[in-house]
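Encoded as structure tokens, the structure appears first; notes follow it.
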Amino acid sequence: MNRVAIVPCLLCVSLLICLIFSAIPVFAGHGGDRPVKKGILLVGFGTSVPGADAALKNIEKLAKEAFPDTPIRWAYSSKKIRHKLAKQGTKIDSPAEALAKMADEDFTHVAVQPLYSIPGEEYHNLLQTVHRFSNMPKGIKRVIAGYPLMATTEDMLDVRDSILKILPKERKKDEAVVLMGHGTEHPGNIYYPGMQYFMSRKDPNVFVGTVEGTPSIDDVIADLQAKDIKRAYLIPFMAVAGDHAHNDMAGDEDDSWKNIMKKNSIEAVPVLVGMGSRDNVASIWVDHLKTAFAHFDGVQ
Ligand code: CO
């Protein structure tokens, strides 16, 4: 009785072993164990101002120096700017298009580094895209996003100290510097008054204003008048000196910051250089990329 039972049992076991061993290569052949391929995706809001993308390219240069063996791709998150550039013959991917292409090229681990200033609407939109692309069937195994320029308190201090080092040399102590941030209705706007606080503790004549949030240019003018400041350098507090810098800040329209200051008897000196062109500020974005990419350490 026992002997008869053992024979089919052995058959079962050998069948099972056969199944297991034949199954492994079958599953592997369908993408189970793909070789690790790490990549980087840089995401800017984008700019259509000719030459302004030099600031973004400078950040890319620093990223390439930090990651010489890792492919680096680009995306712009502004649909309006992508469409405008496409009409001029320059096709730039959206973050989702770029990630889909990277998935198709068998990237397994991708660090996405936004070149935004604050964790605002653009950043949170990007996080949603990043989460959707993680672990997609036949897609990228892991997609991770780095912080924008300012996220932690340490970032605020780093950004402040870096900006203080790049202020115009010819500026006199009683002259102001006004940083023009983008600003937003998103809760992330708080980083701008936050930077004003940190700046005021080191250089009380450096002011932070925003185009679309708080503090406004009126807030800045009130501060300048309270200190009887007659001359102010205007510096874009954004990765690129793009449309906002050229028009809202330094443009010839009545409501440009330059002309609002003029009306208030303050001489404005615009400096049309984006933060991405300043190596010591740009390297903070690259540091955030390094931190994100370090999540893939040990993945071979
Ligand atoms: Co804007």
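Ordering of the structure tokens sets the chain letters (A, B, ...); residue numbers start at 1 within each chain; ligands are numbered from 1 in the order shown.
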
DSSP-assigned strand (DSSP E or B) members of range 31-121 of chain A, reported as a PyMOL selection string: chain A and resi 38-44+72-76+109-114

Contact table chain A vs ligand 1, cut-off 8 Å, shortest pair per residue, only C-alpha atoms and all ligand atoms, as JSON lines:
```
{"residue": "A:His182", "atom": "CA", "partner": "ligand 1", "partner_atom_place_in_ligand_line": "1 (Co)", "distance": 6.3}
{"residue": "A:Val211", "atom": "CA", "partner": "ligand 1", "partner_atom_place_in_ligand_line": "1 (Co)", "distance": 7.9}
{"residue": "A:Glu212", "atom": "CA", "partner": "ligand 1", "partner_atom_place_in_ligand_line": "1 (Co)", "distance": 7.8}
{"residue": "A:Asp243", "atom": "CA", "partner": "ligand 1", "partner_atom_place_in_ligand_line": "1 (Co)", "distance": 7.8}
{"residue": "A:His244", "atom": "CA", "partner": "ligand 1", "partner_atom_place_in_ligand_line": "1 (Co)", "distance": 6.5}
```

Write out, as an mmCIF file, in the first residue's frame, the residues just selected, with C-alpha atoms.
```cif
data_model
loop_
_atom_site.group_PDB
_atom_site.id
_atom_site.type_symbol
_atom_site.label_atom_id
_atom_site.label_comp_id
_atom_site.auth_asym_id
_atom_site.auth_seq_id
_atom_site.Cartn_x
_atom_site.Cartn_y
_atom_site.Cartn_z
ATOM 1 C CA HIS A 182 7.179 84.022 -9.052
ATOM 2 C CA VAL A 211 4.751 88.563 -9.267
ATOM 3 C CA GLU A 212 1.695 86.509 -8.329
ATOM 4 C CA ASP A 243 9.297 86.320 -19.531
ATOM 5 C CA HIS A 244 8.626 87.508 -15.974
#
```

Selection near range 54-57 of chain A, 7 Å with only C-alpha atoms, sequence-local residues under 4 positions removed, as a PyMOL selection string: chain A and resi 61+239-240+274+276-277

Generate a file of the selected residues that holds C-alpha atoms, formatted as a tab-separated table (two decimals), in the first residue's frame.
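Okay, again_9.tsv is ready:
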```tsv
chain	number	residue	atom	x	y	z
A	61	LYS	CA	26.11	70.93	-17.03
A	239	ALA	CA	15.82	79.42	-12.39
A	240	VAL	CA	15.63	81.47	-15.60
A	274	GLY	CA	18.52	83.54	-13.74
A	276	GLY	CA	20.26	78.60	-12.77
A	277	SER	CA	23.19	80.56	-14.23
```

Excluding same-chain residues fewer than 6 positions from Gly139 in chain A, what lies within 8 Å of it counting only C-alpha atoms, as number ranges by chain? A: 100, 103-104, 106-108, 133

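Across A:Asp255, A:Asp219, A:Asp174, A:Asp228, the tightest approach to Asn205 in chain A is made by A:Asp174 when counting only C-alpha atoms.
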
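Here the question is which of A:Met195, A:Val49, A:Met249, A:Leu179 gets nearest to Asp158 in chain A using only C-alpha atoms, and that residue is A:Met195.
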
Contacts of Thr214 in chain A at 8 Å (only C-alpha atoms; same-chain gap of 6+ positions) as an NGL selection string: :A and (183-184 or 189-190 or 192-193)

Any chance you can output those residues with N, CA, C and O atoms as a tab-separated table (two decimals), in the first residue's frame?
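In the end it all went to out_23.tsv:
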```tsv
chain	number	residue	atom	x	y	z
A	183	GLY	N	5.84	83.52	-7.08
A	183	GLY	CA	4.67	83.65	-6.22
A	183	GLY	C	3.48	82.87	-6.75
A	183	GLY	O	3.39	82.60	-7.95
A	184	THR	N	2.61	82.49	-5.87
A	184	THR	CA	1.51	81.60	-6.22
A	184	THR	C	0.42	81.68	-5.15
A	184	THR	O	0.68	82.13	-4.03
A	189	ASN	N	3.57	79.22	-1.35
A	189	ASN	CA	4.01	80.63	-1.44
A	189	ASN	C	4.76	81.08	-0.19
A	189	ASN	O	5.55	82.03	-0.23
A	190	ILE	N	4.49	80.43	0.93
A	190	ILE	CA	5.05	80.84	2.23
A	190	ILE	C	6.59	80.88	2.20
A	190	ILE	O	7.22	81.54	3.03
A	192	TYR	N	8.40	82.44	0.16
A	192	TYR	CA	8.89	83.79	-0.19
A	192	TYR	C	8.97	84.69	1.04
A	192	TYR	O	10.04	85.25	1.31
A	193	PRO	N	7.86	84.84	1.82
A	193	PRO	CA	8.04	85.58	3.08
A	193	PRO	C	9.04	84.90	4.00
A	193	PRO	O	9.74	85.55	4.78
```

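Considering only C-alpha atoms, the residue among A:Gly44, A:Gly39, A:Gly251, A:Gly89 positioned nearest to Leu126 in chain A is A:Gly44.
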
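The smallest atom-to-atom distance between Lys230 in chain A and any of A:Leu99, A:Val177, A:Val273, A:Ile217, using only C-alpha atoms, is found for A:Val177.
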
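In this model, the gap between CA of Met275 in chain A and CA of Met238 in chain A comes to 5.7 Å.
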
When DSSP is applied to the backbone of this structure, which of range 65-188 of chain A are assigned alpha helix (DSSP H)? Write them out as a PyMOL selection string. chain A and resi 65-66+79-87+95-104+121-133+153-165

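The shortest atom-to-atom distance to Thr47 in chain A, with only C-alpha atoms taken into account, belongs to A:Ala241 out of A:Ala241, A:Met150, A:Ala226, A:Ile260.
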
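Our summary of the geometry notes that CA of Trp74 in chain A is positioned 10.8 Å from CA of Phe45 in chain A.
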
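Comparing A:Ser134, A:Ala63, A:Tyr233, A:Ile118 by their smallest distance to Val269 in chain A, the closest is A:Tyr233 (using only C-alpha atoms).
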
Applying 9 Å and only C-alpha atoms, which residues near Gln225 in chain A remain after dropping the ones on its own chain fewer than 5 positions away? List them as a PDB file with all heavy atoms, in the first residue's frame.
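Done, and the output landed in around.pdb:
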```pdb
ATOM      1  N   VAL A 220       6.888  95.534  -1.172  1.00  0.00           N
ATOM      2  CA  VAL A 220       8.320  95.843  -1.266  1.00  0.00           C
ATOM      3  C   VAL A 220       8.533  97.357  -1.307  1.00  0.00           C
ATOM      4  O   VAL A 220       9.398  97.894  -0.607  1.00  0.00           O
ATOM      5  CB  VAL A 220       8.959  95.163  -2.504  1.00  0.00           C
ATOM      6  CG1 VAL A 220      10.394  95.629  -2.706  1.00  0.00           C
ATOM      7  CG2 VAL A 220       8.906  93.643  -2.364  1.00  0.00           C
ATOM      8  N   LYS A 230      16.808 104.750  -2.193  1.00  0.00           N
ATOM      9  CA  LYS A 230      16.648 105.465  -3.465  1.00  0.00           C
ATOM     10  C   LYS A 230      17.088 104.642  -4.676  1.00  0.00           C
ATOM     11  O   LYS A 230      16.868 105.049  -5.823  1.00  0.00           O
ATOM     12  CB  LYS A 230      17.480 106.763  -3.430  1.00  0.00           C
ATOM     13  CG  LYS A 230      16.985 107.757  -2.394  1.00  0.00           C
ATOM     14  CD  LYS A 230      15.650 108.356  -2.824  1.00  0.00           C
ATOM     15  CE  LYS A 230      15.090 109.287  -1.762  1.00  0.00           C
ATOM     16  NZ  LYS A 230      13.632 109.048  -1.572  1.00  0.00           N
ATOM     17  N   ASN A 264       7.924 105.836  -7.840  1.00  0.00           N
ATOM     18  CA  ASN A 264       8.102 106.057  -6.403  1.00  0.00           C
ATOM     19  C   ASN A 264       9.481 106.616  -6.077  1.00  0.00           C
ATOM     20  O   ASN A 264       9.965 106.496  -4.945  1.00  0.00           O
ATOM     21  CB  ASN A 264       7.857 104.754  -5.644  1.00  0.00           C
ATOM     22  CG  ASN A 264       6.376 104.408  -5.612  1.00  0.00           C
ATOM     23  OD1 ASN A 264       5.609 104.967  -4.823  1.00  0.00           O
ATOM     24  ND2 ASN A 264       5.946 103.521  -6.487  1.00  0.00           N
ATOM     25  N   ILE A 266      12.414 105.641  -6.915  1.00  0.00           N
ATOM     26  CA  ILE A 266      13.481 104.676  -6.608  1.00  0.00           C
ATOM     27  C   ILE A 266      14.088 104.242  -7.944  1.00  0.00           C
ATOM     28  O   ILE A 266      13.357 103.809  -8.850  1.00  0.00           O
ATOM     29  CB  ILE A 266      12.931 103.442  -5.862  1.00  0.00           C
ATOM     30  CG1 ILE A 266      12.264 103.872  -4.544  1.00  0.00           C
ATOM     31  CG2 ILE A 266      14.046 102.423  -5.590  1.00  0.00           C
ATOM     32  CD1 ILE A 266      11.304 102.846  -3.978  1.00  0.00           C
TER      33      ILE A 266
END
```
